[in-house]
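entry_5.txt (compact mmCIF, C-alpha atoms)
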# COMPACT_ATOMS: atom_id res chain seq x y z
CA MET D 3 4.27 -55.36 11.21
CA PRO D 4 2.00 -58.46 11.36
CA GLU D 5 0.79 -59.72 8.01
CA ASP D 6 -2.85 -59.09 8.82
CA SER D 7 -2.21 -55.57 10.08
CA ILE D 8 -4.67 -53.04 8.79
CA PHE D 9 -1.69 -50.94 7.76
CA SER D 10 -0.26 -53.69 5.62
CA PRO D 11 -0.47 -53.04 1.88
CA GLU D 12 -1.91 -56.55 1.55
CA TYR D 13 -4.77 -55.70 3.91
CA SER D 14 -8.13 -56.26 2.30
CA PRO D 15 -10.84 -54.07 3.79
CA PRO D 16 -14.04 -55.90 4.76
CA SER D 17 -16.21 -53.00 3.71
CA GLN D 18 -15.77 -49.69 2.04
CA THR D 19 -17.99 -46.70 2.59
CA THR D 20 -16.52 -43.91 0.51
CA GLY D 21 -14.06 -43.36 -2.27
CA GLU D 22 -12.47 -46.22 -4.09
CA SER D 23 -9.45 -48.28 -3.25
CA LYS D 24 -8.81 -49.32 -6.84
CA GLN D 25 -5.47 -48.14 -8.15
CA ALA D 26 -5.90 -44.99 -10.18
CA PHE D 27 -3.17 -45.90 -12.64
CA PRO D 28 -1.77 -49.08 -14.06
CA PRO D 29 1.80 -49.99 -13.14
CA PRO D 30 4.57 -48.15 -15.00
CA PRO D 31 5.05 -49.66 -18.47
CA GLU D 32 7.42 -52.56 -18.94
CA VAL D 33 10.19 -52.33 -21.51
CA GLY D 34 8.59 -53.00 -24.89
CA GLU D 35 5.23 -51.68 -23.76
CA GLN D 36 6.38 -48.10 -23.80
CA GLN D 37 4.66 -47.17 -27.04
CA GLU D 38 1.35 -48.69 -25.99
CA ALA D 39 1.55 -46.92 -22.66
CA GLU D 40 2.40 -43.50 -23.99
CA HIS D 41 -1.13 -42.29 -23.54
CA GLN D 42 -1.03 -43.04 -19.82
CA LEU D 43 -0.32 -39.98 -17.75
CA TYR D 44 0.53 -39.90 -14.07
CA GLY D 45 -0.64 -37.10 -11.84
CA VAL D 46 -3.83 -36.24 -13.69
CA SER D 47 -6.18 -37.17 -10.86
CA LYS D 48 -6.79 -35.64 -7.44
CA PRO D 49 -6.17 -37.04 -3.96
CA LYS D 50 -9.07 -39.10 -2.64
CA ARG D 51 -10.21 -40.05 0.83
CA VAL D 52 -10.96 -43.72 1.45
CA ILE D 53 -12.68 -44.91 4.63
CA VAL D 54 -12.79 -48.56 5.57
CA ARG D 55 -14.56 -50.18 8.50
CA GLY D 56 -14.21 -53.65 9.84
CA LYS D 57 -14.68 -55.85 12.85
CA ILE D 58 -11.67 -56.51 15.00
CA ALA D 59 -11.02 -60.22 14.86
CA ALA D 60 -11.03 -62.06 18.15
CA ASP D 61 -7.75 -63.76 19.10
CA MET W 21 10.93 -22.99 -16.64
CA GLN W 22 13.64 -25.58 -17.10
CA GLN W 23 12.60 -29.21 -17.29
CA THR W 24 13.42 -31.38 -14.31
CA ARG W 25 15.86 -34.21 -14.94
CA VAL W 26 14.90 -37.61 -13.60
CA SER W 27 16.02 -41.21 -13.62
CA GLN W 28 13.76 -44.23 -14.00
CA THR W 29 16.35 -46.63 -12.65
CA GLU W 30 14.78 -48.35 -9.71
CA GLU W 31 16.91 -49.11 -6.67
CA GLU W 32 15.71 -51.45 -3.98
CA ARG W 33 16.07 -48.93 -1.21
CA ILE W 34 14.15 -45.68 -0.92
CA LEU W 35 15.98 -42.64 -2.25
CA GLN W 36 15.46 -39.00 -1.48
CA GLY W 37 13.67 -37.63 -4.54
CA ASP W 38 11.84 -40.87 -5.36
CA ILE W 39 8.40 -40.22 -6.81
CA PHE W 40 5.65 -42.76 -6.10
CA ARG W 41 2.10 -43.02 -7.30
CA ASP W 42 -0.95 -43.92 -5.20
CA VAL W 43 0.64 -43.32 -1.81
CA ASP W 44 -1.61 -44.05 1.17
CA TYR W 45 -1.56 -41.69 4.12
CA VAL W 46 -3.50 -42.88 7.17
CA GLU W 47 -5.10 -39.76 8.59
CA ARG W 48 -7.26 -41.27 11.33
CA VAL W 49 -7.94 -44.58 13.05
CA SER W 50 -10.76 -45.03 15.51
CA GLU W 51 -12.29 -47.98 17.31
CA GLU W 52 -15.69 -48.30 18.90
CA ALA W 53 -17.51 -51.40 20.08
CA GLY W 54 -15.15 -53.70 18.22
CA ILE W 55 -15.50 -51.87 14.92
CA ILE W 56 -12.38 -50.22 13.61
CA GLU W 57 -12.54 -47.37 11.14
CA VAL W 58 -9.56 -46.24 9.13
CA SER W 59 -9.56 -43.07 7.08
CA ARG W 60 -6.78 -42.63 4.58
CA ILE W 61 -5.91 -40.27 1.79
CA VAL W 62 -4.58 -41.70 -1.46
CA PHE W 63 -2.19 -39.26 -3.09
CA PRO W 64 -1.85 -39.89 -6.84
CA LEU W 65 1.80 -38.74 -6.68
CA ALA W 66 4.18 -37.94 -3.84
CA ILE W 67 7.90 -37.32 -3.46
CA VAL W 68 10.33 -38.50 -0.76
CA LEU W 69 11.95 -35.63 1.15
CA THR W 70 13.82 -37.44 3.93
CA GLN W 71 17.59 -36.94 3.87
CA ASP W 72 19.20 -39.58 1.64
CA CYS W 73 21.95 -40.54 4.09
CA ASP W 74 19.28 -41.30 6.70
CA LEU W 75 17.46 -43.51 4.18
CA ALA W 76 20.71 -45.28 3.28
CA GLN W 77 21.60 -45.92 6.92
CA ASP W 78 18.10 -47.17 7.64
CA TYR W 79 18.36 -49.64 4.77
CA ILE W 80 21.78 -50.88 5.85
CA PHE W 81 20.71 -51.34 9.46
CA ARG W 82 17.55 -53.21 8.48
CA HIS W 83 18.82 -55.42 5.70
CA THR W 84 22.51 -56.28 6.07
CA GLU W 85 23.59 -59.72 7.22
CA PRO W 86 24.62 -60.27 9.90
CA PRO W 87 22.40 -57.56 11.32
CA PRO W 88 24.09 -54.75 13.23
CA SER W 89 24.02 -55.05 17.00
CA THR W 90 21.59 -52.14 17.35
CA GLN W 91 18.68 -50.62 15.43
CA ASP W 92 20.09 -47.17 16.08
CA LYS W 93 19.70 -45.94 12.51
CA TRP W 94 16.18 -47.19 11.91
CA LEU W 95 13.82 -44.44 10.86
CA ILE W 96 10.38 -44.10 12.39
CA SER W 97 8.93 -42.64 9.21
CA VAL W 98 9.75 -41.11 5.84
CA LEU W 99 8.82 -37.54 5.06
CA MET W 100 6.92 -36.99 1.81
CA ALA W 101 5.06 -34.21 0.06
CA PRO W 102 2.18 -34.54 -2.36
CA ILE W 103 2.57 -33.60 -6.00
CA TYR W 104 -0.52 -32.03 -7.52
CA ASN W 105 -1.57 -31.49 -11.10
CA ALA W 106 -0.56 -27.88 -11.87
CA GLU W 107 -3.75 -27.22 -13.82
CA HIS W 108 -5.81 -28.22 -10.76
CA VAL W 109 -3.65 -25.98 -8.55
CA TYR W 110 -4.21 -22.93 -10.78
CA ARG W 111 -7.95 -23.47 -10.40
CA GLY W 112 -7.70 -24.11 -6.65
CA GLU W 113 -9.49 -27.42 -7.05
CA HIS W 114 -6.73 -29.98 -6.50
CA LEU W 115 -8.21 -30.99 -3.11
CA ASN W 116 -11.86 -30.80 -4.08
CA ASP W 117 -12.36 -34.50 -3.39
CA LEU W 118 -11.17 -33.96 0.20
CA GLY W 119 -13.58 -31.08 0.75
CA ILE W 120 -10.82 -28.48 0.62
CA LYS W 121 -11.02 -25.44 -1.61
CA ALA W 122 -7.70 -23.73 -2.35
CA GLU W 123 -6.88 -20.24 -3.58
CA LEU W 124 -7.02 -19.42 -7.28
CA ILE W 125 -3.66 -18.81 -8.94
CA SER W 126 -4.10 -16.99 -12.25
CA LYS W 127 -2.19 -19.16 -14.69
CA ASN W 128 -1.53 -16.47 -17.28
CA LYS W 129 -0.84 -13.59 -14.91
CA SER W 130 1.91 -12.82 -12.40
CA PRO W 131 0.77 -15.36 -9.76
CA GLY W 132 1.03 -18.21 -12.28
CA MET W 133 4.41 -16.99 -13.49
CA PHE W 134 5.71 -16.68 -9.90
CA LEU W 135 4.58 -20.26 -9.26
CA ARG W 136 6.32 -21.60 -12.37
CA ASN W 137 9.50 -19.68 -11.52
CA ASN W 138 9.49 -21.21 -8.02
CA GLU W 139 9.17 -17.80 -6.42
CA ARG W 140 6.42 -19.01 -4.07
CA PRO W 141 8.20 -20.66 -1.09
CA ARG W 142 5.29 -23.01 -0.45
CA TYR W 143 5.33 -24.59 -3.89
CA HIS W 144 7.82 -26.27 -6.21
CA TYR W 145 6.83 -26.40 -9.86
CA LEU W 146 8.01 -29.36 -11.95
CA GLU W 147 7.93 -30.05 -15.67
CA PHE W 148 9.08 -33.47 -16.72
CA PRO W 149 10.88 -34.65 -19.87
CA ALA W 150 8.68 -36.08 -22.63
CA GLU W 151 9.61 -39.68 -21.78
CA ILE W 152 8.25 -39.29 -18.23
CA PRO W 153 4.45 -39.51 -18.35
CA ILE W 154 3.73 -36.96 -15.64
CA VAL W 155 1.79 -33.78 -16.28
CA ALA W 156 3.16 -30.39 -15.21
CA SER W 157 2.99 -30.61 -11.44
CA VAL W 158 3.39 -28.74 -8.19
CA ILE W 159 4.83 -30.00 -4.91
CA ASP W 160 3.01 -28.44 -1.97
CA PHE W 161 5.45 -28.23 0.95
CA LYS W 162 2.69 -27.25 3.38
CA HIS W 163 1.05 -30.65 2.94
CA TYR W 164 4.05 -32.77 3.92
CA PHE W 165 3.18 -36.08 5.56
CA SER W 166 4.94 -39.22 6.70
CA VAL W 167 4.70 -42.92 5.93
CA HIS W 168 6.51 -45.96 7.25
CA VAL W 169 9.77 -46.73 5.48
CA GLU W 170 8.95 -50.42 5.05
CA TYR W 171 5.57 -49.54 3.54
CA LEU W 172 7.36 -47.53 0.87
CA ARG W 173 9.83 -50.31 0.23
CA GLN W 174 7.00 -52.80 -0.20
CA ILE W 175 5.16 -50.67 -2.75
CA LYS W 176 8.27 -49.60 -4.65
CA PRO W 177 8.21 -52.49 -7.17
CA THR W 178 4.73 -51.53 -8.37
CA ARG W 179 4.30 -47.84 -7.60
CA PHE W 180 7.72 -46.28 -8.23
CA VAL W 181 7.56 -43.75 -11.07
CA CYS W 182 10.97 -42.08 -11.20
CA THR W 183 13.52 -40.30 -9.04
CA LEU W 184 14.78 -36.75 -9.37
CA SER W 185 18.35 -36.47 -10.58
CA PRO W 186 21.04 -34.98 -8.32
CA LEU W 187 20.92 -31.18 -8.03
CA TYR W 188 17.21 -31.18 -8.99
CA ARG W 189 16.61 -33.33 -5.94
CA GLU W 190 18.73 -31.07 -3.73
CA ASP W 191 16.95 -28.04 -5.14
CA VAL W 192 13.58 -29.42 -4.01
CA CYS W 193 14.81 -30.51 -0.60
CA GLN W 194 16.67 -27.31 0.16
CA ARG W 195 13.58 -25.27 -0.74
CA PHE W 196 11.50 -27.55 1.49
CA ALA W 197 13.91 -27.11 4.41
CA THR W 198 13.86 -23.35 3.93
CA TYR W 199 10.07 -23.34 3.84
CA LEU W 200 9.83 -25.48 6.96
CA SER W 201 12.29 -23.36 8.93
CA ARG W 202 10.73 -20.02 8.05
CA ILE W 203 9.98 -17.67 10.90
CA GLY W 204 6.45 -16.32 11.08
CA LEU W 205 6.53 -12.79 12.40
CA PRO W 206 3.45 -11.26 13.99
CA ASP W 207 1.30 -8.97 11.88
CA ALA W 208 2.18 -5.29 12.14
CA LEU W 209 0.16 -3.41 14.74
CA VAL W 210 -2.23 -0.88 13.28
Just give me the structure of the file as structure tokens.
Amino acid sequence: MPEDSIFSPEYSPPSQTTGESKQAFPPPPEVGEQQEAEHQLYGVSKPKRVIVRGKIAAD
Amino acid sequence: MQQTRVSQTEEERILQGDIFRDVDYVERVSEEAGIIEVSRIVFPLAIVLTQDCDLAQDYIFRHTEPPPSTQDKWLISVLMAPIYNAEHVYRGEHLNDLGIKAELISKNKSPGMFLRNNERPRYHYLEFPAEIPIVASVIDFKHYFSVHVEYLRQIKPTRFVCTLSPLYREDVCQRFATYLSRIGLPDALV
């Protein structure tokens, strides 16, 4: 997969029309941060649809 | 309902039973007049269902040095199923944000009990130990989807949550296989 592929996790959409691409949850807690992170719950939110549009870059 | 046993030990390769958060599923890609539009669904939680030996072989064939002479064991995709918040499922509103209304399942009556006892072939109910910060959840086998194996491997360092322990993992996957291979008989003639 090329680095600039739209399917790449690193792909940055040029525009966003619906939903939000922000991560719903912070990363899992590191060792030592467990107590602070105890209030964080995974799986509380619902699936979301995100639509992105962008121009295809010329070669 | 017995609690599910899980492990939080993270292996580099993808394991059957791995649970990830924020998994992207590309549902549609279109292009018109040089403008590309991609529609994707972000699942807050999803579980890997692909057979573990296939995942292991894929990893070996992709990442051992020197590389094998063929790519015979490479997978095209990894099968996953979404995990929904059980409270949302009872109310039939877990897919509200996608414009999908689901059936109501009365939590405190027989339908809710059947769901929690895993007597509904479509669903697999999970309760996690206290140290795993996941709410009571339901896997929906009908909504299985696939993602690229390398995509999962790339997001594993940041989005891996836990993996189901042996037997619990097999329980889920065997129920999924049974659900997928069911035979739909025609309705009785009246």
Residues of chain W that approach chain D to 8 Å or less, counting all atoms listed in the file: could you list each one with the shortest pair of atoms and its distance in Å to one decimal, rows by chain and increasing residue number, as a Markdown table?
| residue | atom | partner | partner_atom | distance |
| --- | --- | --- | --- | --- |
| W:Arg41 | CA | D:Tyr44 | CA | 7.6 |
| W:Asp42 | CA | D:Gln25 | CA | 6.9 |
| W:Gly54 | CA | D:Ile58 | CA | 5.5 |
| W:Ile55 | CA | D:Lys57 | CA | 4.6 |
| W:Ile56 | CA | D:Gly56 | CA | 5.4 |
| W:Glu57 | CA | D:Arg55 | CA | 4.4 |
| W:Val58 | CA | D:Val54 | CA | 5.3 |
| W:Ser59 | CA | D:Ile53 | CA | 4.4 |
| W:Arg60 | CA | D:Val52 | CA | 5.3 |
| W:Ile61 | CA | D:Arg51 | CA | 4.4 |
| W:Val62 | CA | D:Lys50 | CA | 5.3 |
| W:Phe63 | CA | D:Pro49 | CA | 4.6 |
| W:Pro64 | CA | D:Gly45 | CA | 5.9 |
| W:Leu65 | CA | D:Gly45 | CA | 5.9 |
| W:Ile103 | CA | D:Gly45 | CA | 7.5 |
| W:Tyr104 | CA | D:Gly45 | CA | 6.7 |
| W:Asn105 | CA | D:Gly45 | CA | 5.7 |
| W:His114 | CA | D:Lys48 | CA | 5.7 |
| W:Leu115 | CA | D:Pro49 | CA | 6.4 |
| W:Asn116 | CA | D:Lys48 | CA | 7.8 |
| W:Asp117 | CA | D:Lys50 | CA | 5.7 |
| W:Leu118 | CA | D:Arg51 | CA | 6.2 |
| W:Pro153 | CA | D:Leu43 | CA | 4.8 |
| W:Ile154 | CA | D:Tyr44 | CA | 4.6 |
| W:Val155 | CA | D:Gly45 | CA | 6.1 |
| W:Ser157 | CA | D:Gly45 | CA | 7.4 |
| W:Tyr171 | CA | D:Pro11 | CA | 7.2 |
| W:Gln174 | CA | D:Pro11 | CA | 7.8 |
| W:Ile175 | CA | D:Pro11 | CA | 7.7 |
| W:Thr178 | CA | D:Pro29 | CA | 5.8 |
| W:Arg179 | CA | D:Pro29 | CA | 6.4 |
| W:Phe180 | CA | D:Pro30 | CA | 7.7 |
| W:Val181 | CA | D:Pro30 | CA | 6.6 |
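Going from CA of Cys182 (chain W) over to CA of Ser97 (chain W), you cover 20.5 Å.
One finds CA of Phe161 (chain W) at 18.3 Å from CA of Met133 (chain W).
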What's the separation between CA of Arg202 (chain W) and CA of Leu172 (chain W), in Å to one decimal place? 28.6 Å
